[in-house]
>>> print(open('protein_7.txt').read())   # compact mmCIF, C-alpha atoms
# COMPACT_ATOMS: atom_id res chain seq x y z
CA MET F 1 -0.90 -25.72 7.00
CA GLU F 2 -0.32 -28.74 9.22
CA ILE F 3 2.54 -27.06 11.09
CA LEU F 4 0.33 -24.22 12.32
CA SER F 5 -0.90 -24.37 15.90
CA GLN F 6 -4.49 -25.30 16.59
CA SER F 7 -5.29 -21.81 17.84
CA LEU F 8 -3.84 -20.25 14.69
CA LEU F 9 -5.71 -22.71 12.48
CA HIS F 10 -8.91 -21.68 14.22
CA SER F 11 -8.07 -18.00 13.62
CA VAL F 12 -7.32 -18.72 9.95
CA GLU F 13 -10.65 -20.46 9.51
CA LYS F 14 -12.49 -17.64 11.28
CA ALA F 15 -10.77 -15.03 9.09
CA ARG F 16 -11.75 -16.96 5.96
CA VAL F 17 -15.39 -17.09 7.04
CA GLN F 18 -15.25 -13.33 7.65
CA LEU F 19 -13.65 -12.76 4.23
CA ASP F 20 -16.32 -14.76 2.40
CA SER F 21 -19.05 -12.88 4.24
CA HIS F 22 -17.39 -9.56 3.37
CA VAL F 23 -17.11 -10.57 -0.30
CA ARG F 24 -20.85 -11.28 -0.43
CA GLU F 25 -21.58 -7.89 1.14
CA ILE F 26 -19.34 -6.06 -1.33
CA ILE F 27 -20.77 -7.92 -4.32
CA ASP F 28 -24.32 -7.10 -3.19
CA TRP F 29 -23.33 -3.45 -2.82
CA HIS F 30 -21.48 -2.90 -6.11
CA PHE F 31 -23.92 -4.89 -8.26
CA SER F 32 -27.09 -3.44 -6.77
CA PRO F 33 -28.89 -0.88 -8.98
CA ASP F 34 -29.45 1.18 -5.84
CA THR F 35 -25.88 1.41 -4.56
CA GLY F 36 -23.51 0.19 -7.29
CA CYS F 37 -21.31 2.22 -9.60
CA PRO F 38 -22.00 2.60 -13.35
CA PHE F 39 -18.93 0.56 -14.32
CA TRP F 40 -19.94 -2.61 -12.44
CA LEU F 41 -23.63 -2.28 -13.31
CA GLU F 42 -22.74 -2.08 -17.01
CA PHE F 43 -20.26 -4.95 -16.56
CA ALA F 44 -22.96 -7.11 -14.94
CA ALA F 45 -25.40 -6.43 -17.78
CA LYS F 46 -23.01 -8.21 -20.16
CA LEU F 47 -22.64 -11.31 -17.97
CA GLU F 48 -24.69 -14.48 -18.38
CA PHE F 49 -25.17 -14.75 -14.63
CA ASP F 50 -26.07 -12.52 -11.67
CA PRO F 51 -22.96 -11.99 -9.48
CA ARG F 52 -25.20 -11.43 -6.46
CA LYS F 53 -26.52 -14.99 -6.82
CA GLU F 54 -23.44 -16.84 -8.02
CA ILE F 55 -20.62 -15.32 -5.95
CA GLY F 56 -20.75 -16.77 -2.46
CA GLY F 57 -17.20 -16.06 -1.33
CA TYR F 58 -13.66 -15.11 -2.30
CA ASP F 59 -12.97 -18.15 -4.52
CA ASP F 60 -16.00 -17.36 -6.67
CA LEU F 61 -14.52 -14.01 -7.72
CA ARG F 62 -12.72 -15.91 -10.48
CA LEU F 63 -16.07 -15.89 -12.29
CA LEU F 64 -15.40 -12.19 -12.98
CA GLY F 65 -11.95 -12.79 -14.50
CA HIS F 66 -9.04 -10.42 -13.89
CA PHE F 67 -9.49 -6.70 -13.36
CA GLN F 68 -7.76 -4.96 -16.26
CA ASP F 69 -5.15 -2.23 -15.87
CA GLU F 70 -6.55 -0.08 -18.69
CA TRP F 71 -9.98 0.17 -17.04
CA LEU F 72 -8.52 2.75 -14.66
CA ARG F 73 -6.77 4.82 -17.33
CA GLY F 74 -8.73 7.86 -18.46
CA GLY F 75 -12.31 8.93 -17.82
CA PRO F 76 -15.03 9.45 -17.10
CA VAL F 77 -13.83 8.80 -13.56
CA ARG F 78 -17.35 9.14 -12.14
CA ARG F 79 -18.19 5.73 -13.60
CA TRP F 80 -16.42 4.38 -10.51
CA VAL F 81 -18.47 6.36 -7.97
CA PRO F 82 -21.12 4.15 -6.32
CA LYS F 83 -24.64 5.59 -6.50
CA ALA F 84 -24.74 5.53 -2.70
CA TYR F 85 -21.92 8.11 -2.65
CA ALA F 86 -23.12 10.27 -5.55
CA ASP F 87 -23.65 13.28 -3.28
CA GLU F 88 -20.46 12.86 -1.25
CA PRO F 89 -17.23 14.80 -1.87
CA VAL F 90 -15.06 12.57 -4.08
CA TYR F 91 -11.26 12.48 -4.23
CA VAL F 92 -9.34 11.11 -7.17
CA PHE F 93 -5.86 9.67 -6.70
CA GLU F 94 -3.38 8.66 -9.38
CA THR F 95 -0.89 5.85 -9.51
CA GLY F 96 1.77 5.40 -12.18
CA GLY F 97 1.96 7.94 -14.96
CA SER F 98 5.71 7.88 -15.64
CA THR F 99 4.74 6.91 -19.17
CA GLY F 100 1.29 7.24 -20.64
CA ILE F 101 -1.98 7.94 -18.87
CA PRO F 102 -1.88 7.28 -15.11
CA LYS F 103 -4.42 5.01 -13.43
CA SER F 104 -7.04 6.85 -11.38
CA ARG F 105 -8.88 5.65 -8.31
CA ILE F 106 -11.78 7.48 -6.68
CA SER F 107 -12.11 7.70 -2.91
CA VAL F 108 -14.48 9.20 -0.38
CA ARG F 109 -13.11 8.07 2.97
CA ASP F 110 -11.18 4.88 2.18
CA PHE F 111 -7.78 6.54 2.48
CA GLN F 112 -8.72 7.83 5.91
CA ILE F 113 -10.24 4.54 7.10
CA ASP F 114 -7.17 2.57 5.93
CA TYR F 115 -4.80 4.78 7.89
CA GLU F 116 -7.02 4.90 10.97
CA ILE F 117 -6.89 1.10 11.04
CA TYR F 118 -3.14 1.17 10.50
CA SER F 119 -2.74 3.70 13.31
CA GLU F 120 -3.84 1.05 15.82
CA THR F 121 -0.70 -0.97 14.99
CA LEU F 122 1.71 1.87 15.85
CA SER F 123 3.35 2.10 19.26
CA ASP F 124 2.36 5.17 21.26
CA SER F 125 5.87 5.34 22.71
CA SER F 126 7.54 5.43 19.29
CA PHE F 127 4.85 7.43 17.52
CA PRO F 128 3.55 9.55 20.41
CA ARG F 129 -0.01 10.77 20.14
CA GLY F 130 -0.06 14.53 19.79
CA SER F 131 3.41 14.69 18.25
CA ASP F 132 3.94 16.19 14.81
CA TRP F 133 4.99 14.40 11.63
CA LEU F 134 7.15 15.08 8.59
CA MET F 135 5.93 13.49 5.36
CA LEU F 136 8.99 13.19 3.11
CA GLY F 137 7.60 11.40 0.10
CA PRO F 138 5.66 11.78 -3.14
CA THR F 139 3.07 14.55 -3.20
CA GLY F 140 0.74 15.87 -5.93
CA PRO F 141 -2.13 13.61 -7.08
CA ARG F 142 -1.03 10.67 -4.93
CA ARG F 143 -3.06 9.23 -2.10
CA LEU F 144 0.02 8.94 0.14
CA ARG F 145 0.32 12.67 0.75
CA LEU F 146 -3.23 13.06 2.16
CA ALA F 147 -3.16 9.66 3.85
CA VAL F 148 -0.05 10.33 5.94
CA GLU F 149 -1.39 13.78 6.79
CA HIS F 150 -4.62 12.17 8.00
CA LEU F 151 -2.62 9.62 10.01
CA ALA F 152 -0.84 12.46 11.80
CA GLN F 153 -4.11 14.29 12.43
CA HIS F 154 -5.85 11.11 13.58
CA ARG F 155 -3.11 10.68 16.18
CA GLY F 156 -3.48 14.30 17.30
CA GLY F 157 -0.55 15.83 15.43
CA ILE F 158 0.18 18.18 12.56
CA CYS F 159 1.85 16.97 9.37
CA PHE F 160 4.59 19.00 7.68
CA LEU F 161 5.11 18.37 3.98
CA VAL F 162 7.66 18.86 1.21
CA ASP F 163 7.20 19.28 -2.55
CA LEU F 164 8.24 16.10 -4.39
CA ASP F 165 7.34 15.06 -7.93
CA PRO F 166 8.45 11.43 -8.49
CA ARG F 167 7.54 11.57 -12.17
CA TRP F 168 10.21 14.21 -12.68
CA VAL F 169 12.69 12.03 -10.81
CA ASN F 170 11.80 9.09 -13.06
CA LYS F 171 12.38 11.18 -16.18
CA LEU F 172 15.81 12.29 -14.94
CA ILE F 173 16.75 8.66 -14.31
CA LYS F 174 15.37 7.51 -17.65
CA TYR F 175 17.39 10.08 -19.61
CA GLY F 176 20.55 9.66 -17.56
CA LYS F 177 20.54 13.22 -16.21
CA HIS F 178 22.39 12.30 -13.04
CA GLN F 179 23.62 15.81 -12.20
CA GLU F 180 20.08 17.19 -12.34
CA LEU F 181 18.84 14.18 -10.36
CA ASP F 182 21.35 14.89 -7.60
CA ALA F 183 20.34 18.57 -7.60
CA TYR F 184 16.66 17.69 -7.31
CA LYS F 185 17.31 15.20 -4.52
CA SER F 186 19.31 17.85 -2.66
CA HIS F 187 16.41 20.26 -3.12
CA VAL F 188 14.01 17.76 -1.54
CA ILE F 189 16.36 16.95 1.35
CA ASP F 190 16.99 20.67 1.97
CA GLN F 191 13.24 21.17 2.37
CA ALA F 192 13.14 18.37 4.96
CA LEU F 193 16.15 19.75 6.86
CA ASN F 194 14.59 23.20 7.03
CA ILE F 195 11.39 21.77 8.47
CA LEU F 196 13.16 19.57 11.04
CA ARG F 197 15.35 22.45 12.22
CA ALA F 198 12.43 24.85 12.50
CA HIS F 199 9.94 22.58 14.26
CA GLU F 200 11.16 20.70 17.32
CA THR F 201 7.72 19.14 17.83
CA ILE F 202 8.27 16.68 14.96
CA GLN F 203 8.86 13.20 16.38
CA CYS F 204 7.49 10.99 13.60
CA LEU F 205 8.61 10.61 10.01
CA PHE F 206 7.29 9.01 6.85
CA THR F 207 9.75 8.56 4.00
CA THR F 208 11.07 6.11 1.39
CA PRO F 209 14.30 4.05 1.63
CA LYS F 210 16.28 6.20 -0.81
CA LEU F 211 15.22 9.47 0.79
CA LEU F 212 15.86 8.16 4.30
CA GLU F 213 19.42 7.28 3.36
CA ALA F 214 19.96 10.72 1.77
CA LEU F 215 18.51 12.48 4.81
CA CYS F 216 20.69 10.52 7.24
CA GLU F 217 23.79 11.69 5.34
CA LYS F 218 22.91 15.20 6.48
CA ILE F 219 21.49 14.85 9.98
CA SER F 220 21.16 12.55 12.98
CA LEU F 221 17.45 11.91 13.15
CA LYS F 222 17.71 10.71 16.73
CA LYS F 223 19.34 13.99 17.78
CA ALA F 224 16.67 15.81 15.80
CA GLY F 225 14.05 14.21 18.05
CA ILE F 226 12.63 11.56 15.71
CA ARG F 227 11.30 8.56 17.65
CA GLY F 228 9.47 6.59 14.98
CA ILE F 229 9.96 6.14 11.23
CA PHE F 230 7.27 4.76 8.96
CA CYS F 231 9.05 3.78 5.72
CA GLY F 232 7.63 2.43 2.50
CA GLY F 233 8.77 1.57 -0.99
CA THR F 234 9.24 -1.28 -3.42
CA GLU F 235 13.00 -1.29 -2.83
CA MET F 236 12.61 -2.19 0.83
CA ASN F 237 14.41 -5.49 1.39
CA ALA F 238 16.12 -7.39 4.20
CA GLN F 239 19.49 -5.79 3.43
CA PHE F 240 18.11 -2.26 3.69
CA HIS F 241 16.03 -3.20 6.74
CA ARG F 242 19.17 -4.28 8.60
CA PHE F 243 21.13 -1.26 7.34
CA ALA F 244 18.41 1.09 8.55
CA ARG F 245 18.08 -0.45 12.01
CA GLU F 246 21.79 -0.91 12.66
CA GLU F 247 23.42 2.05 10.89
CA LEU F 248 21.00 4.69 9.62
CA VAL F 249 18.60 5.08 12.56
CA PRO F 250 19.70 2.92 15.51
CA GLY F 251 17.54 3.54 18.56
CA ILE F 252 14.59 4.74 16.47
CA ASP F 253 11.56 2.52 15.91
CA PHE F 254 11.66 1.59 12.22
CA ILE F 255 8.40 0.34 10.67
CA PRO F 256 8.49 -0.88 7.05
CA THR F 257 5.24 -0.78 5.12
CA TYR F 258 3.83 -1.74 1.74
CA GLY F 259 0.96 0.25 0.35
CA ASN F 260 -0.47 1.59 -2.85
CA THR F 261 -3.37 3.60 -4.17
CA LEU F 262 -5.33 0.52 -5.19
CA MET F 263 -4.91 -1.59 -2.07
CA GLY F 264 -4.48 0.60 0.96
CA LEU F 265 -1.84 -0.29 3.49
CA ALA F 266 -0.26 -3.61 4.48
CA CYS F 267 1.36 -4.15 7.88
CA CYS F 268 4.81 -5.60 8.42
CA LYS F 269 5.23 -8.59 10.68
CA PRO F 270 6.43 -7.31 14.08
CA PHE F 271 10.23 -7.19 14.19
CA ASN F 272 11.91 -10.35 15.43
CA LEU F 273 15.64 -11.02 15.11
CA ALA F 274 14.82 -14.65 14.41
CA ASP F 275 13.43 -13.56 11.03
CA ASN F 276 16.90 -12.33 10.01
CA TYR F 277 15.49 -8.93 8.97
CA ALA F 278 13.11 -10.49 6.45
CA ILE F 279 10.25 -8.17 5.58
CA ILE F 280 6.89 -9.92 5.59
CA TYR F 281 3.76 -7.93 4.83
CA TYR F 282 0.14 -8.78 5.59
CA PRO F 283 -2.66 -7.08 3.63
CA PRO F 284 -5.57 -5.36 5.42
CA GLN F 285 -7.95 -8.29 5.03
CA PRO F 286 -10.90 -8.32 4.46
CA ARG F 287 -10.65 -4.85 2.89
CA ALA F 288 -7.94 -6.17 0.58
CA VAL F 289 -6.56 -9.62 -0.20
CA ILE F 290 -3.22 -10.58 -1.71
CA GLU F 291 -2.81 -13.94 -3.39
CA LEU F 292 0.47 -15.07 -4.95
CA VAL F 293 -0.17 -16.84 -8.23
CA ASN F 294 1.81 -18.73 -10.83
CA PRO F 295 2.71 -16.18 -13.56
CA GLU F 296 2.20 -18.88 -16.20
CA ASN F 297 -1.19 -19.92 -14.81
CA THR F 298 -2.80 -17.17 -12.77
CA GLU F 299 -5.64 -19.48 -11.67
CA GLU F 300 -3.07 -21.39 -9.59
CA SER F 301 -1.74 -20.21 -6.21
CA VAL F 302 1.88 -20.96 -5.35
CA ASP F 303 2.84 -22.94 -2.24
CA TYR F 304 4.24 -21.38 0.94
CA GLY F 305 7.82 -20.26 0.42
CA GLU F 306 7.47 -20.23 -3.36
CA THR F 307 7.61 -17.18 -5.62
CA GLY F 308 4.46 -15.86 -7.23
CA ARG F 309 3.07 -12.76 -8.87
CA VAL F 310 0.98 -10.51 -6.63
CA MET F 311 -2.74 -10.70 -7.38
CA LEU F 312 -4.62 -8.00 -5.50
CA THR F 313 -8.33 -7.86 -4.70
CA THR F 314 -9.71 -4.68 -3.14
CA LEU F 315 -13.05 -4.99 -1.36
CA THR F 316 -14.49 -1.75 -0.02
CA LYS F 317 -17.85 -0.09 -0.60
CA GLU F 318 -16.04 2.72 -2.41
CA PHE F 319 -13.90 0.56 -4.67
CA PHE F 320 -14.15 -3.03 -5.89
CA MET F 321 -11.20 -4.44 -7.84
CA PRO F 322 -11.14 -8.24 -8.19
CA ARG F 323 -8.00 -10.23 -8.98
CA PHE F 324 -5.77 -7.49 -10.37
CA LEU F 325 -2.30 -8.68 -11.41
CA GLU F 326 0.15 -6.25 -9.84
CA ARG F 327 3.64 -5.41 -11.10
CA ASP F 328 5.19 -7.07 -8.02
CA GLU F 329 6.28 -10.55 -7.04
CA ALA F 330 7.15 -12.12 -3.67
CA GLU F 331 7.33 -15.36 -1.72
CA ARG F 332 4.16 -16.63 -0.05
CA ALA F 333 4.33 -16.37 3.75
CA LYS F 334 2.33 -18.29 6.35
CA PRO F 335 -0.33 -16.66 8.52
CA ILE F 336 0.59 -15.49 12.04
CA GLU F 337 -1.53 -14.84 15.13
CA SER F 338 -1.69 -11.08 14.50
CA TYR F 339 -2.65 -11.60 10.85
CA PRO F 340 -4.30 -15.01 10.33
CA TRP F 341 -4.09 -14.97 6.54
CA ASP F 342 -1.35 -15.22 3.90
CA GLY F 343 1.45 -12.67 3.76
CA VAL F 344 4.11 -11.78 1.22
CA GLU F 345 7.87 -11.90 1.81
CA ASN F 346 10.71 -10.26 -0.11
CA LEU F 347 8.38 -8.09 -2.17
CA ARG F 348 10.00 -6.74 -5.34
CA LEU F 349 9.29 -5.66 -8.88
CA PHE F 350 7.96 -8.48 -11.05
CA SER F 351 11.03 -10.00 -12.74
CA GLU F 352 9.57 -9.65 -16.26
CA LEU F 353 9.22 -5.88 -15.74
CA GLN F 354 12.53 -5.08 -14.05
CA GLU F 355 14.15 -3.67 -17.18
CA SER F 356 11.19 -1.52 -18.22
CA VAL F 357 10.01 0.10 -14.96
CA VAL F 358 11.78 2.95 -13.16
CA VAL F 359 11.26 3.01 -9.38
CA GLY F 360 12.69 6.49 -8.78
CA VAL F 361 12.48 7.78 -5.21
CA TYR F 362 11.03 4.52 -3.95
>>> encode(input="protein_7.txt", output="structure tokens")
Amino acid sequence: MEILSQSLLHSVEKARVQLDSHVREIIDWHFSPDTGCPFWLEFAAKLEFDPRKEIGGYDDLRLLGHFQDEWLRGGPVRRWVPKAYADEPVYVFETGGSTGIPKSRISVRDFQIDYEIYSETLSDSSFPRGSDWLMLGPTGPRRLRLAVEHLAQHRGGICFLVDLDPRWVNKLIKYGKHQELDAYKSHVIDQALNILRAHETIQCLFTTPKLLEALCEKISLKKAGIRGIFCGGTEMNAQFHRFAREELVPGIDFIPTYGNTLMGLACCKPFNLADNYAIIYYPPQPRAVIELVNPENTEESVDYGETGRVMLTTLTKEFFMPRFLERDEAERAKPIESYPWDGVENLRLFSELQESVVVGVY
């Protein structure tokens, strides 16, 4: 950290103090008999210590071990609803599900709060307030569909949507049904083209790398009136970033993002040619923290510039998920003034899983 400026070091220290304070607040909330959810109250009853007394900050979360993937598979899903929100309308969002039971996450307003915060990072000239959006991405039980729609509404617009089932896409890929895959992709792109041609008020677009490329084979998005593109997916890399900016959508503001149902939404480092199109994401700390850890020893963080497995901690009053080992890996990136905490660069599927996971439309 010695190469960081004094002002940035101060910001890093301030952010860490804020994070530790936020962790204490979230621990008090989720482990309180008055506000906590059944899962964490039952979990605490089996511990030999009181998390509210022993966890004083982020580093102490290791006392709880790693959040386990299977805890989110199956029901009853209400075991995740904090008592404080028992009378609130509850959403349930799914992630995964290509094989086996999908993971489920409950939400009350988190998906809206996350995207309202993210909205403040978007340029009003590229994503004009009051303009309409097209959401060309996964729909169904996924958080993304409602979240992008809320983003459009929060900025004063209306969101137009397509039907897209990524699990069907994954099955077609898995069984080598390439002709049917091409037909389904054409079906999705045709929906998008119909919407763009019928509604001239659409100036903002959310989509994934693969769908953006397919859409640009059919239409000039700049001529169609698109001014800003918000693009997310695991397959986003420096090569595609450059291809998008220089060939697919030149003259349109292109904003890569990394988000998922469990974390929320990470912001990309503002574009700078000096970065050579590298994509560096910063999580929405303190609501979520990403730490890159040694796959062989997950209690050990990797150094800056080194590769590590993504360990995600989500810290909201609706959902507490400590130290979950994601299916992604990346290089650890240094803090910057806009985001004075660690980022992740060159995010990709965890190397040990690359042969077993299908990424489909992403």
>>> closest_residue(input="protein_7.txt", among="F:Lys222, F:His10, F:Arg52, F:Arg197", to="Pro335 of chain F", atoms="all atoms listed in the file")
F:His10
>>> closest_residue(input="protein_7.txt", among="F:Lys46, F:Arg105, F:Arg78, F:Lys83", to="Trp29 of chain F", atoms="only C-alpha atoms")
F:Lys83
>>> residues_around(input="protein_7.txt", residues="Phe254 of chain F", least_positions_apart="2", cutoff="10 Å", atoms="all atoms listed in the file", output="mmCIF file with C-alpha atoms, in the frame of the given file")
data_model
loop_
_atom_site.group_PDB
_atom_site.id
_atom_site.type_symbol
_atom_site.label_atom_id
_atom_site.label_comp_id
_atom_site.auth_asym_id
_atom_site.auth_seq_id
_atom_site.Cartn_x
_atom_site.Cartn_y
_atom_site.Cartn_z
ATOM 1 C CA SER F 126 7.540 5.430 19.290
ATOM 2 C CA LEU F 205 8.610 10.610 10.010
ATOM 3 C CA ARG F 227 11.300 8.560 17.650
ATOM 4 C CA GLY F 228 9.470 6.590 14.980
ATOM 5 C CA ILE F 229 9.960 6.140 11.230
ATOM 6 C CA PHE F 230 7.270 4.760 8.960
ATOM 7 C CA CYS F 231 9.050 3.780 5.720
ATOM 8 C CA HIS F 241 16.030 -3.200 6.740
ATOM 9 C CA ALA F 244 18.410 1.090 8.550
ATOM 10 C CA ARG F 245 18.080 -0.450 12.010
ATOM 11 C CA VAL F 249 18.600 5.080 12.560
ATOM 12 C CA PRO F 250 19.700 2.920 15.510
ATOM 13 C CA GLY F 251 17.540 3.540 18.560
ATOM 14 C CA ILE F 252 14.590 4.740 16.470
ATOM 15 C CA PRO F 256 8.490 -0.880 7.050
ATOM 16 C CA THR F 257 5.240 -0.780 5.120
ATOM 17 C CA PHE F 271 10.230 -7.190 14.190
#
>>> atom_distance(input="protein_7.txt", atom1="atom CA of Leu325 of chain F", atom2="atom CA of Pro284 of chain F")
17.5 Å
>>> closest_atom_pairs(input="protein_7.txt", of="segment 130-180 of chain F", to="segment 208-221 of chain F", cutoff="10 Å", atoms="only C-alpha atoms", output="JSON lines")
{"residue": "F:Met135", "atom": "CA", "partner": "F:Thr208", "partner_atom": "CA", "distance": 9.8}
{"residue": "F:Leu136", "atom": "CA", "partner": "F:Thr208", "partner_atom": "CA", "distance": 7.6}
{"residue": "F:Gly137", "atom": "CA", "partner": "F:Thr208", "partner_atom": "CA", "distance": 6.5}
{"residue": "F:Pro138", "atom": "CA", "partner": "F:Thr208", "partner_atom": "CA", "distance": 9.1}
>>> closest_residue(input="protein_7.txt", among="F:Tyr91, F:Glu54, F:Gly100, F:Lys223", to="Gly74 of chain F", atoms="all atoms listed in the file")
F:Gly100
>>> decode(input="protein_7.txt", residues="segment 290-305 of chain F", atoms="N, CA and C atoms", output="PDB file, in the first residue's frame")
ATOM      1  N   ILE F 290     -15.706  -7.850  -1.397  1.00  0.00           N
ATOM      2  CA  ILE F 290     -15.046  -8.937  -2.124  1.00  0.00           C
ATOM      3  C   ILE F 290     -13.597  -9.028  -1.647  1.00  0.00           C
ATOM      4  N   GLU F 291     -13.201 -10.227  -1.290  1.00  0.00           N
ATOM      5  CA  GLU F 291     -11.818 -10.493  -0.919  1.00  0.00           C
ATOM      6  C   GLU F 291     -11.318 -11.618  -1.817  1.00  0.00           C
ATOM      7  N   LEU F 292     -10.124 -11.478  -2.354  1.00  0.00           N
ATOM      8  CA  LEU F 292      -9.548 -12.531  -3.189  1.00  0.00           C
ATOM      9  C   LEU F 292      -8.622 -13.385  -2.331  1.00  0.00           C
ATOM     10  N   VAL F 293      -8.937 -14.675  -2.280  1.00  0.00           N
ATOM     11  CA  VAL F 293      -8.220 -15.560  -1.364  1.00  0.00           C
ATOM     12  C   VAL F 293      -7.505 -16.672  -2.114  1.00  0.00           C
ATOM     13  N   ASN F 294      -6.519 -17.217  -1.466  1.00  0.00           N
ATOM     14  CA  ASN F 294      -5.766 -18.365  -1.982  1.00  0.00           C
ATOM     15  C   ASN F 294      -6.697 -19.576  -2.027  1.00  0.00           C
ATOM     16  N   PRO F 295      -6.928 -20.169  -3.201  1.00  0.00           N
ATOM     17  CA  PRO F 295      -7.834 -21.328  -3.290  1.00  0.00           C
ATOM     18  C   PRO F 295      -7.403 -22.500  -2.412  1.00  0.00           C
ATOM     19  N   GLU F 296      -6.111 -22.607  -2.151  1.00  0.00           N
ATOM     20  CA  GLU F 296      -5.588 -23.708  -1.337  1.00  0.00           C
ATOM     21  C   GLU F 296      -5.666 -23.405   0.154  1.00  0.00           C
ATOM     22  N   ASN F 297      -5.785 -22.115   0.496  1.00  0.00           N
ATOM     23  CA  ASN F 297      -5.899 -21.704   1.898  1.00  0.00           C
ATOM     24  C   ASN F 297      -6.773 -20.457   1.941  1.00  0.00           C
ATOM     25  N   THR F 298      -8.070 -20.669   2.097  1.00  0.00           N
ATOM     26  CA  THR F 298      -9.015 -19.564   1.956  1.00  0.00           C
ATOM     27  C   THR F 298      -8.991 -18.584   3.132  1.00  0.00           C
ATOM     28  N   GLU F 299      -8.139 -18.854   4.137  1.00  0.00           N
ATOM     29  CA  GLU F 299      -7.949 -17.882   5.212  1.00  0.00           C
ATOM     30  C   GLU F 299      -6.886 -16.856   4.839  1.00  0.00           C
ATOM     31  N   GLU F 300      -6.296 -17.023   3.660  1.00  0.00           N
ATOM     32  CA  GLU F 300      -5.162 -16.177   3.243  1.00  0.00           C
ATOM     33  C   GLU F 300      -5.533 -15.353   2.021  1.00  0.00           C
ATOM     34  N   SER F 301      -5.425 -14.027   2.138  1.00  0.00           N
ATOM     35  CA  SER F 301      -5.671 -13.142   0.992  1.00  0.00           C
ATOM     36  C   SER F 301      -4.457 -13.162   0.074  1.00  0.00           C
ATOM     37  N   VAL F 302      -4.691 -12.969  -1.217  1.00  0.00           N
ATOM     38  CA  VAL F 302      -3.575 -12.868  -2.159  1.00  0.00           C
ATOM     39  C   VAL F 302      -3.085 -11.427  -2.190  1.00  0.00           C
ATOM     40  N   ASP F 303      -1.888 -11.214  -2.706  1.00  0.00           N
ATOM     41  CA  ASP F 303      -1.321  -9.869  -2.822  1.00  0.00           C
ATOM     42  C   ASP F 303      -1.904  -9.146  -4.030  1.00  0.00           C
ATOM     43  N   TYR F 304      -1.695  -7.830  -4.095  1.00  0.00           N
ATOM     44  CA  TYR F 304      -2.160  -7.056  -5.247  1.00  0.00           C
ATOM     45  C   TYR F 304      -1.510  -7.577  -6.526  1.00  0.00           C
ATOM     46  N   GLY F 305      -2.323  -7.733  -7.555  1.00  0.00           N
ATOM     47  CA  GLY F 305      -1.835  -8.231  -8.834  1.00  0.00           C
ATOM     48  C   GLY F 305      -1.860  -9.737  -8.942  1.00  0.00           C
TER      49      GLY F 305
END
